[in-house]
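Student: Enclosed is the structure file my_file_22.txt (compact mmCIF, C-alpha atoms and all ligand atoms).
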```txt
# COMPACT_ATOMS: atom_id res chain seq x y z
CA MET A 15 -103.59 -221.57 -78.64
CA THR A 16 -103.86 -224.50 -76.31
CA VAL A 17 -100.65 -226.40 -75.75
CA ALA A 18 -100.31 -229.52 -73.66
CA SER A 19 -98.50 -228.43 -70.52
CA GLN A 20 -96.63 -231.76 -70.50
CA GLU A 21 -94.85 -230.91 -73.73
CA THR A 22 -91.41 -229.36 -73.86
CA TRP A 23 -91.12 -226.81 -76.63
CA VAL A 24 -88.21 -225.53 -78.65
CA ALA A 25 -88.22 -222.49 -80.95
CA LEU A 26 -85.83 -220.20 -82.73
CA LEU A 27 -86.33 -216.85 -81.02
CA SER A 28 -83.94 -214.68 -83.03
CA ALA A 29 -84.83 -213.56 -86.56
CA PRO A 30 -84.70 -216.28 -89.21
CA GLY A 31 -81.77 -216.20 -91.63
CA LYS A 32 -78.08 -215.63 -91.07
CA SER A 33 -76.93 -213.49 -88.18
CA ALA A 34 -73.98 -213.17 -85.82
CA LEU A 35 -75.82 -214.92 -83.00
CA ALA A 36 -78.98 -216.98 -82.70
CA SER A 37 -81.11 -217.62 -79.64
CA ILE A 38 -83.10 -220.78 -79.14
CA GLY A 39 -85.71 -221.16 -76.41
CA LEU A 40 -86.43 -224.42 -74.60
CA SER A 41 -89.39 -224.60 -72.22
CA GLY A 42 -91.28 -227.38 -70.56
CA PRO A 43 -91.11 -230.01 -67.81
CA LYS A 44 -88.64 -232.28 -69.69
CA GLY A 45 -86.29 -229.43 -70.58
CA TRP A 46 -83.50 -230.43 -68.22
CA GLU A 47 -83.77 -234.15 -69.13
CA ILE A 48 -83.47 -233.23 -72.79
CA LEU A 49 -80.42 -231.06 -72.15
CA LYS A 50 -78.77 -233.77 -70.07
CA GLY A 51 -79.09 -236.04 -73.10
CA VAL A 52 -77.60 -233.70 -75.68
CA PHE A 53 -75.66 -230.85 -74.04
CA LEU A 54 -71.99 -231.56 -73.46
CA PRO A 55 -70.48 -228.99 -71.11
CA ARG A 56 -66.99 -227.76 -71.92
CA GLY A 57 -64.26 -229.67 -70.06
CA GLY A 58 -66.01 -233.02 -70.25
CA GLU A 59 -67.99 -232.93 -67.01
CA LYS A 60 -71.68 -233.83 -67.14
CA LEU A 61 -74.66 -231.64 -66.41
CA PRO A 62 -75.70 -231.99 -62.75
CA LEU A 63 -78.83 -233.90 -61.81
CA ILE A 64 -80.74 -230.78 -60.95
CA PRO A 65 -80.57 -227.44 -62.75
CA THR A 66 -79.92 -224.13 -60.99
CA ALA A 67 -81.80 -221.00 -61.99
CA LEU A 68 -79.73 -218.27 -63.67
CA GLU A 69 -76.67 -220.50 -64.23
CA THR A 70 -74.87 -220.32 -67.56
CA ARG A 71 -72.67 -222.96 -69.16
CA LEU A 72 -70.53 -223.20 -72.23
CA GLY A 73 -70.69 -226.41 -74.23
CA ARG A 74 -71.83 -228.16 -77.39
CA LEU A 75 -74.85 -230.06 -78.57
CA GLY A 76 -74.30 -233.64 -79.69
CA MET A 77 -71.30 -235.96 -79.62
CA GLY A 78 -68.47 -233.51 -80.00
CA ARG A 79 -69.88 -232.12 -83.21
CA GLY A 80 -71.51 -228.75 -83.66
CA ASP A 81 -70.59 -225.31 -82.53
CA GLU A 82 -70.04 -223.67 -79.17
CA ILE A 83 -73.27 -222.98 -77.32
CA VAL A 84 -73.97 -220.84 -74.28
CA LEU A 85 -76.72 -222.37 -72.18
CA GLY A 86 -78.60 -220.11 -69.80
CA ILE A 87 -81.20 -221.40 -67.35
CA GLN A 88 -83.80 -218.70 -66.85
CA SER A 89 -86.00 -220.52 -64.38
CA VAL A 90 -86.28 -224.06 -63.08
CA ASN A 91 -89.92 -224.39 -62.16
CA PRO A 92 -91.35 -223.85 -64.72
CA PHE A 93 -88.27 -224.76 -66.74
CA HIS A 94 -87.23 -222.04 -69.21
CA ALA A 95 -83.82 -222.02 -70.89
CA ARG A 96 -82.02 -220.23 -73.70
CA LEU A 97 -79.32 -221.57 -75.96
CA HIS A 98 -77.20 -218.98 -77.72
CA CYS A 99 -75.10 -220.08 -80.65
CA HIS A 100 -73.49 -218.82 -83.83
CA GLY A 101 -76.21 -217.48 -86.12
CA GLY A 102 -75.27 -219.43 -89.26
CA THR A 103 -78.29 -221.21 -90.67
CA GLN A 104 -76.64 -224.68 -90.58
CA VAL A 105 -75.57 -224.28 -86.93
CA VAL A 106 -79.10 -223.25 -85.92
CA LYS A 107 -80.68 -226.05 -87.94
CA MET A 108 -78.44 -228.63 -86.31
CA ALA A 109 -79.06 -227.32 -82.79
CA LEU A 110 -82.82 -227.33 -83.30
CA SER A 111 -82.83 -230.83 -84.73
CA GLN A 112 -80.67 -232.18 -81.88
CA LEU A 113 -83.14 -230.81 -79.35
CA GLU A 114 -86.07 -232.15 -81.35
CA LYS A 115 -84.50 -235.61 -81.57
CA ALA A 116 -84.00 -235.54 -77.81
CA GLY A 117 -87.74 -235.04 -77.30
CA ALA A 118 -88.54 -231.33 -77.59
CA ARG A 119 -91.36 -230.24 -79.89
CA ARG A 120 -90.60 -227.51 -82.37
CA CYS A 121 -92.93 -224.53 -82.60
CA ALA A 122 -92.97 -220.96 -83.92
CA TRP A 123 -91.69 -218.15 -81.67
CA GLN A 124 -95.22 -216.81 -81.24
CA GLU A 125 -96.49 -220.12 -79.86
CA PHE A 126 -93.38 -220.37 -77.72
CA THR A 127 -94.11 -216.91 -76.28
CA ARG A 128 -97.58 -218.14 -75.31
CA VAL A 129 -96.03 -221.20 -73.61
CA GLU A 130 -93.64 -219.06 -71.59
CA ILE A 131 -96.15 -216.31 -70.80
CA PRO A 132 -99.43 -218.00 -69.89
CA CYS A 133 -101.27 -214.68 -69.45
CA ARG A 134 -102.78 -214.11 -72.89
CA ILE A 135 -102.91 -210.35 -72.76
CA GLN A 136 -99.24 -210.18 -71.79
CA ALA A 137 -98.12 -212.75 -74.38
CA ASP A 138 -100.07 -210.94 -77.09
CA SER A 139 -98.36 -207.66 -76.18
CA ARG A 140 -94.95 -209.35 -76.38
CA ILE A 141 -95.77 -210.80 -79.81
CA ALA A 142 -97.08 -207.42 -80.95
CA VAL A 143 -93.75 -205.73 -80.13
CA ALA A 144 -92.19 -207.59 -83.08
CA GLN A 145 -94.93 -206.25 -85.36
CA ALA A 146 -94.69 -202.63 -84.25
CA ARG A 147 -94.03 -200.29 -87.15
CA THR A 148 -91.89 -197.75 -85.29
CA ARG A 149 -89.60 -197.63 -82.29
CA LYS A 150 -92.09 -195.45 -80.41
CA ALA A 151 -94.90 -197.93 -81.07
CA ALA A 152 -92.59 -200.76 -79.96
CA ALA A 153 -91.79 -198.88 -76.73
CA VAL A 154 -95.50 -198.49 -75.94
CA LEU A 155 -96.09 -202.20 -76.60
CA THR A 156 -93.02 -203.20 -74.57
CA ASN A 157 -94.48 -201.33 -71.60
CA GLN A 158 -97.73 -203.25 -72.03
CA ALA A 159 -95.85 -206.57 -72.30
CA SER A 160 -93.81 -205.90 -69.19
CA GLY A 161 -96.90 -205.99 -67.02
CA LEU A 162 -98.72 -202.67 -67.37
CA LEU A 163 -101.79 -204.13 -69.02
CA ARG A 164 -101.78 -207.19 -66.78
CA GLU A 165 -101.66 -205.10 -63.56
CA TRP A 166 -104.43 -202.86 -64.85
CA PHE A 167 -106.45 -205.94 -65.69
CA ASP A 168 -105.91 -207.60 -62.29
CA SER A 169 -107.03 -204.48 -60.51
CA LEU A 170 -110.11 -204.20 -62.76
CA VAL A 171 -111.12 -207.78 -61.93
CA GLN A 172 -110.67 -207.04 -58.23
CA THR A 173 -112.91 -203.97 -58.56
CA ILE A 174 -115.54 -206.08 -60.33
CA ARG A 175 -115.36 -208.79 -57.65
CA ALA A 176 -115.74 -206.10 -54.96
CA LYS A 177 -118.95 -205.08 -56.79
CA GLU A 178 -117.71 -201.51 -57.29
CA ASN A 179 -119.38 -201.32 -60.68
CA THR A 180 -119.26 -197.55 -61.17
CA LYS A 181 -115.52 -197.53 -60.58
CA ALA A 182 -115.02 -200.55 -62.86
CA VAL A 183 -116.98 -198.91 -65.69
CA GLU A 184 -114.93 -195.72 -65.30
CA THR A 185 -111.73 -197.78 -65.40
CA ILE A 186 -112.87 -199.40 -68.65
CA ASN A 187 -113.95 -196.05 -70.13
CA GLN A 188 -110.57 -194.54 -69.32
CA ILE A 189 -108.59 -197.27 -71.05
CA GLN A 190 -110.95 -197.33 -74.03
CA ASN A 191 -109.95 -193.72 -74.78
CA TRP A 192 -106.58 -195.16 -75.79
CA SER A 193 -107.89 -198.02 -77.91
CA HIS A 194 -107.77 -195.92 -81.09
CA LEU A 195 -104.07 -195.29 -80.58
CA GLY A 196 -103.60 -198.92 -79.52
CA SER A 197 -105.04 -200.19 -82.79
CA HIS A 198 -102.51 -198.09 -84.72
CA LEU A 199 -99.36 -199.41 -83.07
CA ILE A 200 -99.23 -202.37 -85.44
CA HIS A 201 -101.44 -201.06 -88.22
CA SER A 202 -100.18 -197.67 -89.38
CA TRP A 203 -102.43 -194.61 -89.52
CA LYS A 204 -103.68 -193.95 -93.04
CA VAL A 205 -103.39 -190.46 -94.45
CA LEU A 206 -104.65 -189.75 -97.92
CA VAL A 207 -103.34 -186.80 -99.94
CA ALA A 208 -106.03 -185.70 -102.36
CA GLY A 209 -107.04 -182.66 -104.35
CA ALA A 210 -107.12 -181.24 -107.84
CA SER A 211 -104.72 -182.40 -110.53
CA ASN A 212 -101.47 -180.49 -110.39
CA ALA A 213 -102.14 -179.17 -106.87
CA GLY A 214 -98.85 -180.77 -105.82
CA LYS A 215 -100.05 -183.99 -104.16
CA SER A 216 -97.14 -186.12 -105.35
CA SER A 217 -94.70 -183.32 -104.49
CA LEU A 218 -96.15 -183.13 -100.99
CA VAL A 219 -95.97 -186.87 -100.43
CA ASN A 220 -92.32 -186.75 -101.55
CA ALA A 221 -91.66 -183.91 -99.14
CA LEU A 222 -93.41 -185.74 -96.30
CA VAL A 223 -91.76 -189.08 -96.93
CA GLY A 224 -88.46 -187.28 -97.25
CA PHE A 225 -87.30 -188.32 -100.66
CA GLN A 226 -88.45 -188.64 -104.24
CA ARG A 227 -90.78 -191.59 -104.21
CA CYS A 228 -93.76 -190.55 -106.26
CA LEU A 229 -93.59 -189.59 -109.87
CA VAL A 230 -93.86 -185.82 -109.82
CA SER A 231 -94.79 -184.27 -113.06
CA GLU A 232 -96.47 -181.29 -114.57
CA ILE A 233 -98.55 -183.67 -116.65
CA GLU A 234 -102.01 -183.88 -115.22
CA GLY A 235 -103.10 -187.38 -114.37
CA THR A 236 -99.56 -188.73 -113.95
CA THR A 237 -100.62 -190.42 -110.74
CA ARG A 238 -103.32 -192.81 -111.81
CA ASP A 239 -103.79 -195.11 -108.90
CA VAL A 240 -103.45 -195.02 -105.14
CA LEU A 241 -99.92 -195.65 -103.90
CA TRP A 242 -99.20 -196.08 -100.20
CA TRP A 243 -95.89 -195.03 -98.68
CA GLU A 244 -94.90 -195.97 -95.21
CA THR A 245 -93.32 -193.34 -93.01
CA ALA A 246 -93.33 -192.12 -89.42
CA MET A 247 -94.55 -188.81 -88.02
CA GLU A 248 -93.38 -187.80 -84.56
CA GLY A 249 -92.56 -191.48 -84.12
CA TRP A 250 -96.03 -192.80 -85.00
CA PRO A 251 -96.38 -195.11 -88.00
CA VAL A 252 -98.17 -193.46 -90.92
CA ASN A 253 -99.05 -194.75 -94.38
CA LEU A 254 -99.38 -191.94 -96.86
CA ALA A 255 -101.28 -192.26 -100.10
CA ASP A 256 -100.94 -190.09 -103.13
CA MET A 257 -104.04 -190.35 -105.22
CA ALA A 258 -105.09 -189.38 -108.72
CA GLY A 259 -106.05 -185.73 -109.04
CA PHE A 260 -109.54 -184.40 -109.48
CA ARG A 261 -110.14 -182.64 -112.79
CA ASP A 262 -112.83 -182.33 -115.38
CA ASN A 263 -113.01 -185.12 -117.95
CA PRO A 264 -110.55 -187.56 -116.38
CA THR A 265 -109.37 -190.44 -118.54
CA GLU A 266 -110.89 -193.84 -117.86
CA LEU A 267 -107.77 -194.92 -115.95
CA GLU A 268 -107.72 -191.75 -113.87
CA ALA A 269 -111.41 -192.11 -113.08
CA GLU A 270 -110.69 -195.63 -111.88
CA GLY A 271 -107.85 -194.35 -109.70
CA LEU A 272 -110.15 -191.69 -108.29
CA GLN A 273 -112.79 -194.26 -107.48
CA ILE A 274 -110.23 -196.41 -105.63
CA GLY A 275 -109.00 -193.31 -103.80
CA LEU A 276 -112.49 -192.37 -102.68
CA GLU A 277 -113.12 -195.89 -101.45
CA GLN A 278 -109.83 -195.76 -99.57
CA SER A 279 -110.78 -192.44 -98.03
CA GLU A 280 -113.43 -194.35 -96.09
CA GLN A 281 -110.68 -196.33 -94.38
CA ALA A 282 -108.32 -193.40 -94.09
CA ASP A 283 -107.85 -191.73 -90.70
CA LEU A 284 -107.21 -188.37 -92.33
CA CYS A 285 -107.60 -186.89 -95.79
CA LEU A 286 -105.39 -183.92 -96.61
CA TRP A 287 -107.18 -181.95 -99.31
CA LEU A 288 -104.67 -179.91 -101.28
CA LEU A 289 -105.70 -176.54 -102.65
CA ASP A 290 -103.70 -174.77 -105.35
CA PRO A 291 -104.16 -171.02 -104.76
CA THR A 292 -102.72 -170.13 -108.15
CA ARG A 293 -105.82 -171.58 -109.79
CA PRO A 294 -109.56 -171.55 -109.06
CA LEU A 295 -110.00 -173.73 -105.97
CA VAL A 296 -111.32 -177.28 -106.37
CA PHE A 297 -113.23 -178.55 -103.32
CA PRO A 298 -113.68 -182.17 -102.23
CA PRO A 299 -116.65 -184.37 -103.11
CA LYS A 300 -119.26 -184.81 -100.37
CA SER A 301 -118.33 -188.49 -100.05
CA ILE A 302 -115.25 -187.58 -97.99
CA PRO A 303 -116.44 -187.25 -94.37
CA THR A 304 -115.74 -183.74 -93.03
CA GLU A 305 -114.34 -185.02 -89.73
CA LYS A 306 -111.56 -186.72 -91.68
CA LEU A 307 -110.88 -183.73 -93.90
CA GLN A 308 -108.08 -181.21 -93.49
CA PHE A 309 -107.44 -178.49 -96.07
CA VAL A 310 -103.84 -177.79 -97.00
CA VAL A 311 -102.95 -174.81 -99.19
CA ASN A 312 -99.87 -175.67 -101.27
CA LYS A 313 -97.57 -173.49 -103.40
CA ILE A 314 -97.41 -170.65 -100.88
CA ASP A 315 -94.12 -169.70 -102.51
CA LEU A 316 -96.11 -168.47 -105.51
CA LEU A 317 -98.32 -165.41 -105.84
CA PRO A 318 -101.87 -166.55 -105.08
CA LEU A 319 -104.73 -165.81 -107.44
CA HIS A 320 -106.88 -165.08 -104.38
CA ARG A 321 -106.95 -165.90 -100.67
CA ASN A 322 -110.42 -167.33 -100.26
CA TRP A 323 -109.32 -170.68 -98.88
CA PRO A 324 -110.84 -172.10 -95.65
CA GLN A 325 -109.47 -170.31 -92.58
CA ASP A 326 -108.33 -173.45 -90.79
CA ALA A 327 -106.23 -174.62 -93.77
CA TRP A 328 -102.59 -175.47 -93.16
CA LEU A 329 -100.11 -173.72 -95.48
CA VAL A 330 -97.10 -175.29 -97.21
CA SER A 331 -94.82 -175.20 -100.17
CA ALA A 332 -94.15 -178.81 -101.12
CA LEU A 333 -91.55 -177.64 -103.61
CA LYS A 334 -89.55 -175.36 -101.31
CA GLY A 335 -90.19 -177.38 -98.15
CA GLU A 336 -91.70 -174.38 -96.38
CA GLY A 337 -94.16 -175.43 -93.67
CA VAL A 338 -93.53 -179.14 -94.23
CA ASP A 339 -92.03 -179.73 -90.76
CA ALA A 340 -94.97 -177.93 -89.16
CA LEU A 341 -97.32 -179.96 -91.34
CA VAL A 342 -95.77 -183.23 -90.09
CA LYS A 343 -96.26 -182.07 -86.50
CA ALA A 344 -99.84 -180.97 -87.21
CA ILE A 345 -100.71 -184.31 -88.84
CA ALA A 346 -99.23 -186.24 -85.90
CA LYS A 347 -101.13 -184.03 -83.44
CA ARG A 348 -104.36 -184.59 -85.32
CA LEU A 349 -103.84 -188.38 -85.28
CA VAL A 350 -102.52 -188.59 -81.70
CA PRO A 351 -103.64 -185.42 -79.87
CA GLN A 352 -101.79 -186.45 -76.73
CA ASP A 353 -98.86 -188.83 -76.31
CA PRO A 354 -99.65 -191.52 -73.75
CA PRO A 355 -97.88 -191.30 -70.38
CA ALA A 356 -95.25 -194.04 -69.99
CA ASP A 357 -97.37 -195.87 -67.41
CA GLN A 358 -100.59 -195.75 -69.44
CA PRO A 359 -102.14 -199.17 -70.10
CA ILE A 360 -103.24 -199.25 -73.75
CA PRO A 361 -105.43 -201.97 -75.29
CA HIS A 362 -104.02 -202.75 -78.72
CA GLU A 363 -106.08 -205.75 -79.80
CA GLU A 364 -109.51 -205.36 -81.30
CA ALA A 365 -110.78 -208.58 -79.68
CA PHE A 366 -109.68 -207.35 -76.26
CA VAL A 367 -111.37 -203.98 -76.79
CA ILE A 368 -114.57 -205.84 -77.72
CA ALA A 369 -114.28 -208.03 -74.60
CA LEU A 370 -113.99 -204.87 -72.50
CA GLN A 371 -117.08 -203.40 -74.17
CA ILE A 372 -119.06 -206.55 -73.42
CA ALA A 373 -117.82 -206.58 -69.81
CA ARG A 374 -118.86 -202.91 -69.53
CA GLU A 375 -122.42 -203.81 -70.64
CA ASP A 376 -122.43 -206.65 -68.09
CA LEU A 377 -121.35 -204.28 -65.34
CA LEU A 378 -124.02 -201.71 -66.21
CA ALA A 379 -126.60 -204.51 -65.96
CA MET A 380 -125.03 -205.68 -62.63
CA ARG A 381 -124.00 -209.03 -64.15
CA ASN A 382 -120.63 -209.10 -62.45
CA ASN A 383 -120.03 -212.83 -62.87
CA ASP A 384 -120.64 -212.58 -66.61
CA ALA A 385 -118.21 -209.65 -66.79
CA VAL A 386 -115.49 -211.72 -65.10
CA ASN A 387 -116.26 -214.69 -67.37
CA HIS A 388 -115.93 -212.52 -70.47
CA LEU A 389 -112.63 -211.13 -69.31
CA SER A 390 -110.98 -214.20 -67.78
CA PRO A 391 -109.70 -215.77 -71.06
CA TRP A 392 -107.44 -212.74 -71.43
CA ILE A 393 -105.66 -213.55 -68.23
CA MET A 394 -105.72 -217.33 -68.34
CA GLY A 395 -104.48 -217.78 -71.89
N1 LIG B 401 -94.00 -173.39 -107.05
C1 LIG B 401 -94.44 -174.54 -106.61
N2 LIG B 401 -94.70 -175.55 -107.43
C2 LIG B 401 -95.13 -176.71 -106.94
C3 LIG B 401 -95.33 -176.89 -105.56
N3 LIG B 401 -95.77 -178.16 -105.36
C4 LIG B 401 -95.83 -178.74 -106.58
N4 LIG B 401 -95.45 -177.88 -107.53
C5 LIG B 401 -95.38 -178.12 -108.98
O1 LIG B 401 -96.69 -178.38 -109.45
C6 LIG B 401 -96.65 -179.36 -110.50
C7 LIG B 401 -97.57 -180.52 -110.17
O2 LIG B 401 -97.03 -181.22 -109.05
P1 LIG B 401 -97.45 -182.71 -108.71
O3 LIG B 401 -96.84 -183.00 -107.40
O4 LIG B 401 -97.16 -183.65 -109.83
O5 LIG B 401 -99.02 -182.50 -108.57
P2 LIG B 401 -100.20 -183.59 -108.45
O6 LIG B 401 -100.81 -183.73 -109.79
O7 LIG B 401 -101.18 -183.01 -107.50
O8 LIG B 401 -99.60 -184.86 -107.94
C8 LIG B 401 -95.16 -179.74 -110.65
O9 LIG B 401 -94.60 -178.95 -111.66
C9 LIG B 401 -94.57 -179.36 -109.31
O10 LIG B 401 -93.20 -179.05 -109.39
C10 LIG B 401 -95.06 -175.80 -104.67
O11 LIG B 401 -95.20 -175.85 -103.45
N5 LIG B 401 -94.62 -174.65 -105.25
MG MG B 402 -99.52 -186.77 -108.74
```
The structure in this file should be written as structure tokens.
Ligand SMILES: Nc1nc2c(ncn2[C@@H]2O[C@H](COP(=O)(O)OP(=O)(O)O)[C@@H](O)[C@H]2O)c(=O)[nH]1
Ligand SMILES: [Mg+2]

Tutor:
Amino acid sequence: MTVASQETWVALLSAPGKSALASIGLSGPKGWEILKGVFLPRGGEKLPLIPTALETRLGRLGMGRGDEIVLGIQSVNPFHARLHCHGGTQVVKMALSQLEKAGARRCAWQEFTRVEIPCRIQADSRIAVAQARTRKAAAVLTNQASGLLREWFDSLVQTIRAKENTKAVETINQIQNWSHLGSHLIHSWKVLVAGASNAGKSSLVNALVGFQRCLVSEIEGTTRDVLWWETAMEGWPVNLADMAGFRDNPTELEAEGLQIGLEQSEQADLCLWLLDPTRPLVFPPKSIPTEKLQFVVNKIDLLPLHRNWPQDAWLVSALKGEGVDALVKAIAKRLVPQDPPADQPIPHEEAFVIALQIAREDLLAMRNNDAVNHLSPWIMG
């Protein structure tokens, strides 16, 4: 987004809706002028002519009306301030409109983040934190937002400018190894649970999600469409899908569910294929790519009919819970073989990953200026 640098922006930074406290951000060259017009410090004195960084004041907005507000000046040049008030919706609405009337322009918190953090890659990381699906994903993104990615980027640009192309390409290759994980911090991993009817797919999803969410039944074809359940495995966000079972002569509705499931398996990161060892084994259709396939033998609490399942299959009893904890760990390990070190820069935006790929091509062709040009928007904002 391009925002006129002359503008002074105001945005609600805490979550919308009622809360104990709300935080409002005010940023821009006229910030202090605006506050001098509307902020009445407690005790009747006026705001001084010039603001001081890191000072806090208690007061109100408007002519004696409104609620108590704590004003905090974060920095003076550029001017960034926070106003903390009671989180009631009316109080927040009034505070925002007072600041707007005094000359600030209202924007969404994402735009405001971009105003306050001009480096695009850093602002994007900050915005992404709010979209993270799990605490662990949020922690990784917070590290990126607090400068990890920016420092990595600055040093890459320096390497490119110094014409050390081999080193720069290696630096890009190294970070690209983490792009797959990066893309799943906001968008959960997709794991499909498939297999023959009655193999225990719904039971397994229930066991994995931790409570009864899917309709478990002995009736074949109970699950007729693809249902996604959001969960976390070893802290990583995972969407689990329970799909219609494979059996001979499925009903029209089941066949439709199967078709949807197979289409979804193309987008899935992993497909757990459940085998029921108390019956003749049913193997997956060729359309499921083998690199995404993992066999899971269910019902190990029962006497098997035979033991001719694939050797690398994982074993569980969805009903008794046996092996389910190990299965969760194994799934997480398969999706994220290695947890990133705390200081690992991780690209989490597809467009940034593409920009790095293009810059890599430029570097291999010794077009260093082009590489810098392709990368610079990510630093400039
Ligand atoms: N003994 C035993 N029964 C199971 C196990 N998992 C599922 N079942 C039973 O198998 C039947 C079919 O389960 P369901 O989850 O609906 O299978 P789906 O058709 O693959 O979704 C139900 O009666 C479940 O209670 C297991 O690990 N052990
Ligand atoms: Mg089912």

Student: Find the residues around Lys177 (chain A) up to 10 Å (all atoms listed in the file counted), leave out those fewer than 3 positions away in its own chain, and share them as a list in words.

Tutor: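 What passes the distance filter is Val171, Gln172, Thr173, Ile174, Thr180, Lys181, Ala182, Leu377, Met380, Arg381, Asn382 and Asn383 of chain A.
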
Student: Have a look at A:Lys215, A:Lys300, A:His388, A:Arg321 and name the one nearest to ligand MG 402 (chain B); count all atoms listed in the file.

Tutor: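 When distances to ligand MG 402 (chain B) are compared using all atoms listed in the file, the smallest one comes from A:Lys215.
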
Student: Between A:Leu49, A:Ile83, A:Ala208, A:Ile38, which one has atoms that come closest to ligand MG 402 (chain B), using all atoms listed in the file?

Tutor: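 Comparing A:Leu49, A:Ile83, A:Ala208, A:Ile38 against ligand MG 402 (chain B), the winner is A:Ala208.
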
Student: What does the structure give for the distance between CA of Arg134 (chain A) and CA of Phe167 (chain A), in Å to one decimal?

Tutor: 11.5 Å

Student: Taking all atoms of ligand LIG 401 (chain B) that appear in the file, build a box with edges along x, y and z, extend it by 5 Å on every side, and state its centre and edge lengths in Å to one decimal, as lines of an AutoDock Vina configuration file.

Tutor:
```
center_x = -97.2
center_y = -179.1
center_z = -107.6
size_x = 18.0
size_y = 21.5
size_z = 18.2
```

Student: Within 7 Å of region 350-364 of chain A, counting all atoms listed in the file, which residues qualify if same-chain residues fewer than 5 places away don't, as an MDAnalysis selection string?

Tutor: chainID A and resid 158 162:163 166 189 192:193 195:197

Student: Please compute the CA of Leu68 (chain A)-CA of Gly86 (chain A) distance, one decimal, in Å.

Tutor: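 Rounded to one decimal, the two atoms are 6.5 Å apart.
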
Student: Closest to ligand LIG 401 (chain B) among A:Ala142, A:Ala210, A:Cys99, A:Val106, using only C-alpha atoms and all ligand atoms?

Tutor: A:Ala210

Student: Considering only C-alpha atoms, state which residue in the set A:Val183, A:Ala144, A:Ala95, A:Leu206 is at the smallest distance from Pro65 (chain A).

Tutor: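 Nearest candidate to Pro65 (chain A) out of A:Val183, A:Ala144, A:Ala95, A:Leu206: A:Ala95.
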
Student: As a list of chain:residue names, please: the residues near Gln308 (chain A) (cut-off 10 Å, all atoms listed in the file, same-chain neighbours under 4 positions excluded).

Tutor: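 Counting only the stated atoms, we get A:Val207, A:Leu284, A:Cys285, A:Leu286, A:Trp287, A:Leu288, A:Thr304, A:Pro324, A:Asp326, A:Ala327, A:Trp328, A:Ile345, A:Arg348.
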
Student: With only C-alpha atoms and all ligand atoms as the atoms that count, which of A:Asp256, A:Asp376, A:Asp384, A:Asn187 lies nearest to ligand LIG 401 (chain B)?

Tutor: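 Among the listed residues, A:Asp256 lies closest to ligand LIG 401 (chain B).
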
Student: From the list A:Ala109, A:Val252, A:Leu349, A:Leu75, which residue is nearest Val24 (chain A) when using all atoms listed in the file?

Tutor: A:Ala109

Student: Can you list, as a PyMOL selection string, every protein, DNA or RNA residue that comes within 12 Å of Val205 (chain A) when you count all atoms listed in the file, leaving out same-chain residues fewer than 4 positions away?

Tutor: chain A and resi 219+222-223+240-247+251-257+275+278-287+306-308+342+345-346+348-349

Student: As a PDB file, in the frame of the given file, please: region 47-58 of chain A completed to N, CA and C atoms.

Tutor:
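Below is the file out20.pdb, written as the result:
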```pdb
ATOM      1  N   GLU A  47     -84.057-232.771 -68.675  1.00  0.00           N
ATOM      2  CA  GLU A  47     -83.770-234.150 -69.130  1.00  0.00           C
ATOM      3  C   GLU A  47     -83.220-234.120 -70.548  1.00  0.00           C
ATOM      4  N   ILE A  48     -83.881-233.334 -71.379  1.00  0.00           N
ATOM      5  CA  ILE A  48     -83.470-233.230 -72.790  1.00  0.00           C
ATOM      6  C   ILE A  48     -82.043-232.699 -72.873  1.00  0.00           C
ATOM      7  N   LEU A  49     -81.753-231.660 -72.110  1.00  0.00           N
ATOM      8  CA  LEU A  49     -80.420-231.060 -72.150  1.00  0.00           C
ATOM      9  C   LEU A  49     -79.367-232.046 -71.628  1.00  0.00           C
ATOM     10  N   LYS A  50     -79.727-232.801 -70.621  1.00  0.00           N
ATOM     11  CA  LYS A  50     -78.770-233.770 -70.070  1.00  0.00           C
ATOM     12  C   LYS A  50     -78.391-234.806 -71.137  1.00  0.00           C
ATOM     13  N   GLY A  51     -79.349-235.076 -72.036  1.00  0.00           N
ATOM     14  CA  GLY A  51     -79.090-236.040 -73.100  1.00  0.00           C
ATOM     15  C   GLY A  51     -78.208-235.500 -74.221  1.00  0.00           C
ATOM     16  N   VAL A  52     -78.300-234.204 -74.491  1.00  0.00           N
ATOM     17  CA  VAL A  52     -77.600-233.700 -75.680  1.00  0.00           C
ATOM     18  C   VAL A  52     -76.557-232.614 -75.416  1.00  0.00           C
ATOM     19  N   PHE A  53     -76.593-231.972 -74.277  1.00  0.00           N
ATOM     20  CA  PHE A  53     -75.660-230.850 -74.040  1.00  0.00           C
ATOM     21  C   PHE A  53     -74.393-231.359 -73.371  1.00  0.00           C
ATOM     22  N   LEU A  54     -73.271-231.126 -74.015  1.00  0.00           N
ATOM     23  CA  LEU A  54     -71.990-231.560 -73.460  1.00  0.00           C
ATOM     24  C   LEU A  54     -71.234-230.331 -72.954  1.00  0.00           C
ATOM     25  N   PRO A  55     -71.161-230.173 -71.627  1.00  0.00           N
ATOM     26  CA  PRO A  55     -70.480-228.990 -71.110  1.00  0.00           C
ATOM     27  C   PRO A  55     -68.987-229.035 -71.449  1.00  0.00           C
ATOM     28  N   ARG A  56     -68.405-227.871 -71.606  1.00  0.00           N
ATOM     29  CA  ARG A  56     -66.990-227.760 -71.920  1.00  0.00           C
ATOM     30  C   ARG A  56     -66.175-228.372 -70.759  1.00  0.00           C
ATOM     31  N   GLY A  57     -65.111-229.088 -71.105  1.00  0.00           N
ATOM     32  CA  GLY A  57     -64.260-229.670 -70.060  1.00  0.00           C
ATOM     33  C   GLY A  57     -64.625-231.109 -69.748  1.00  0.00           C
ATOM     34  N   GLY A  58     -65.696-231.597 -70.371  1.00  0.00           N
ATOM     35  CA  GLY A  58     -66.010-233.020 -70.250  1.00  0.00           C
ATOM     36  C   GLY A  58     -66.935-233.411 -69.108  1.00  0.00           C
TER      37      GLY A  58
END
```
